[in-house]
Amino acid sequence: MKKIVLLLVLLALPLASQAQQNRVSDKELVSVLWAMGQMYPDGFTLSLDSLRQPTQGLAVSYLATQNSFDKKSLPAVIKHAHEHNNVVGGWYDPVEDKYYFDSTIIFPEDSLTAALAFARENQQHTVYDLGRKINIRSNYEEQDIRIIYDTDMGSSTDDLFALMMLYRYMDMKRCKLIGVVVDRMGKANADIVDVLNNYYGYPDIPIGLETQGAPDPKVWITYHNLPYARTTDAVPMFKRTVGDNGTYMEGYKLYRKLLAAQPDRSVTIASVGFVTSLARLLESGPDEYSPLNGVELVRAKVKSIYAMGGVFGDAVEPDYNFAQAIDFSLKFFELLPKEVDIVFSPGEVGDPLDYRPELVISDMNWTDFHPIKWTYQFLNCNTGQKMWDPQAVIQAVEGDDFYELSPRGWVTLTPKAETIFTPDPKGNARYQRPGDPVWCDMVLKYIRLMSIQH
């Protein structure tokens, strides 16, 4: 018993010598791991090589040692760990009131896709991020989620992170990004999307550009020069598909082309900026892509819209996104078919999620050439940038369980850009409600985890 106590004390020391490790037999490890379960009721991960708890990486349990919840099962867990990665994890299941032990593998923290794939192969519900102390669900149902991302790219950097997350979701085969519509006028803003498409490995995703939108919307962070960044040798830093002399399809026309080619009620729209292109789509008539007018086409093809915008609750005040090009916004609310579900993400949901510039740069320290990192290195991004836009994207892919939502109802827009919510069980609208500090911390860590993947 004295030796076991000594070993547990060693776990708190900076290093354990190789000689100390060699004196630990498998029989003694059984007692150590059993004691660890008592010391760490919420769970632990232990390297059998160093007798230390790793602080970085993505931990996943093996199926082979599943259902090991008593002391008699620990020798088999230890044997499997020795034959594989020499790591054992423990965790408590409050539903069954049992403490489980598993042989575990630790992936690098930038290998989330591989970790999730391994978890699904081994029938594990989660991947545990040791550094950020969050669980990432792995037992999601792979659905046919077809997304069009509608963004006012070129002003706030949360648009960049929302699009980044869509690429990462595609890496995990959780959705398919079928197109991007840029709802801020100016070719440079579409060129930014072109850069990101290429950087993240999806150069063929089509891009549409609005040409009749808000005439002079405020620019918070001027990253429109990102596509043209060059090295000290005057070499372009980032690859583009369209190039300087290329052109982009009109935003609403790309909508029509994409929607016409999709199965009925199959498309999800994540709208994180203005709604000019959506309004023009709804006002459009039949064309070479579809004999349906815009309202009919949206009714036939669009299942749901997740929109960053709206002010709800006790406050009655204008919404920034809808106030831009207000005539188009009013037309969007007037013509949107009632059969199409719409979920609003008000600004207060993303307000607590402050992804600080120093964290962004640190999370992307694995490369010197990253379009988002470049923006944070060479421009003033210390403007109180909050992660508003990713909330629409996350719910579009993760589903309703991720958020606390209002009851159903209808939303109307006033000429002052105020969003008025009227409860009705038959309504097509809901809105996200702000989360508590624990939820906010978890979501920001999730966005950060996506940032470090490469």
# chains A, B, ... in the order shown; residues from 1 in each chain; ligands from 1
call {"tool": "residues_around", "arguments": {"residues": "A:Tyr200", "least_positions_apart": "3", "cutoff": "7 Å", "atoms": "only C-alpha atoms", "output": "ChimeraX atom specification"}}
result
/A:167,196-197
call {"tool": "write_last_selection", "arguments": {"atoms": "C-alpha atoms", "output": "JSON list (two decimals), in the first residue's frame"}}
result
[["chain", "number", "residue", "atom", "x", "y", "z"],
["A", 167, "TYR", "CA", -15.28, 23.54, -44.59],
["A", 196, "LEU", "CA", -10.82, 30.38, -48.65],
["A", 197, "ASN", "CA", -12.31, 27.82, -51.05]]
call {"tool": "residues_around", "arguments": {"residues": "A:Gly313", "least_positions_apart": "3", "cutoff": "10 Å", "atoms": "only C-alpha atoms", "output": "ChimeraX atom specification"}}
result
/A:316,406,420-421,431,433
call {"tool": "select_by_dssp", "arguments": {"residues": "stretch 181-395 of chain A", "states": "alpha helix (DSSP H)", "output": "PyMOL selection string"}}
result
chain A and resi 187-199+251-260+276-283+294-301+320-323+326-335+347-350+357-363+371-378+390-395
call {"tool": "residues_around", "arguments": {"residues": "stretch 27-35 of chain A", "least_positions_apart": "2", "cutoff": "7 Å", "atoms": "only C-alpha atoms", "output": "list of chain:residue names"}}
result
A:Ile4, A:Val24, A:Ser25, A:Gly37, A:Gln38, A:Met39, A:Lys71, A:Leu74, A:Pro75
call {"tool": "residues_around", "arguments": {"residues": "A:Ala300", "least_positions_apart": "2", "cutoff": "12 Å", "atoms": "only C-alpha atoms", "output": "ChimeraX atom specification"}}
result
/A:256,259-267,290,292-298,302-304,336-340
call {"tool": "residues_around", "arguments": {"residues": "stretch 65-67 of chain A", "least_positions_apart": "6", "cutoff": "7 Å", "atoms": "only C-alpha atoms", "output": "NGL selection string"}}
result
:A and (77 or 100 or 102-103)
call {"tool": "closest_residue", "arguments": {"among": "A:Thr45, A:Thr276, A:Thr104, A:Gln395", "to": "A:Arg184", "atoms": "only C-alpha atoms"}}
result
A:Thr276
call {"tool": "residues_around", "arguments": {"residues": "stretch 129-132 of chain A", "least_positions_apart": "2", "cutoff": "6 Å", "atoms": "only C-alpha atoms", "output": "PyMOL selection string"}}
result
chain A and resi 55-58+134
call {"tool": "write_last_selection", "arguments": {"atoms": "C-alpha atoms", "output": "short mmCIF file (atom, residue, chain, number, x, y, z; two decimals), in the first residue's frame"}}
result
data_model
loop_
_atom_site.label_atom_id
_atom_site.label_comp_id
_atom_site.auth_asym_id
_atom_site.auth_seq_id
_atom_site.Cartn_x
_atom_site.Cartn_y
_atom_site.Cartn_z
CA THR A 55 -2.66 17.78 -21.24
CA GLN A 56 -2.90 17.99 -25.05
CA GLY A 57 -4.56 15.92 -27.75
CA LEU A 58 -7.84 14.26 -28.59
CA ILE A 134 -14.60 19.57 -23.81
#
call {"tool": "residues_around", "arguments": {"residues": "A:Leu444", "least_positions_apart": "6", "cutoff": "9 Å", "atoms": "only C-alpha atoms", "output": "VMD selection string"}}
result
chain A and resid 353 to 355 387
call {"tool": "write_last_selection", "arguments": {"atoms": "N, CA and C atoms", "output": "compact mmCIF listing (two decimals), in the first residue's frame"}}
result
# COMPACT_ATOMS: atom_id res chain seq x y z
N LEU A 353 -19.04 35.43 -26.90
CA LEU A 353 -18.04 34.57 -27.52
C LEU A 353 -16.98 35.44 -28.18
N ASP A 354 -16.04 35.90 -27.39
CA ASP A 354 -15.01 36.83 -27.84
C ASP A 354 -13.74 36.06 -28.16
N TYR A 355 -13.51 35.84 -29.45
CA TYR A 355 -12.33 35.11 -29.91
C TYR A 355 -11.21 36.14 -30.12
N MET A 387 -18.20 36.10 -31.99
CA MET A 387 -18.53 35.01 -32.90
C MET A 387 -20.04 34.91 -33.11
call {"tool": "atom_distance", "arguments": {"atom1": "atom CA of A:Ile106", "atom2": "atom CA of A:Ser47"}}
result
9.9 Å
call {"tool": "select_by_dssp", "arguments": {"residues": "stretch 180-326 of chain A", "states": "strand (DSSP E or B)", "output": "ChimeraX atom specification"}}
result
/A:180-182,207-209,230,236,249-250,267-271,302-308,318
call {"tool": "closest_residue", "arguments": {"among": "A:Ile305, A:Cys440, A:Leu63, A:Ala279", "to": "A:Phe332", "atoms": "only C-alpha atoms"}}
result
A:Ala279
call {"tool": "atom_distance", "arguments": {"atom1": "atom CA of A:Phe312", "atom2": "atom CA of A:Ala162"}}
result
22.5 Å
call {"tool": "closest_residue", "arguments": {"among": "A:Arg120, A:Lys416, A:Lys176, A:Lys386", "to": "A:Val349", "atoms": "only C-alpha atoms"}}
result
A:Lys386
call {"tool": "closest_residue", "arguments": {"among": "A:Gly154, A:Lys445, A:Lys187, A:Trp220", "to": "A:Asp244", "atoms": "only C-alpha atoms"}}
result
A:Lys187
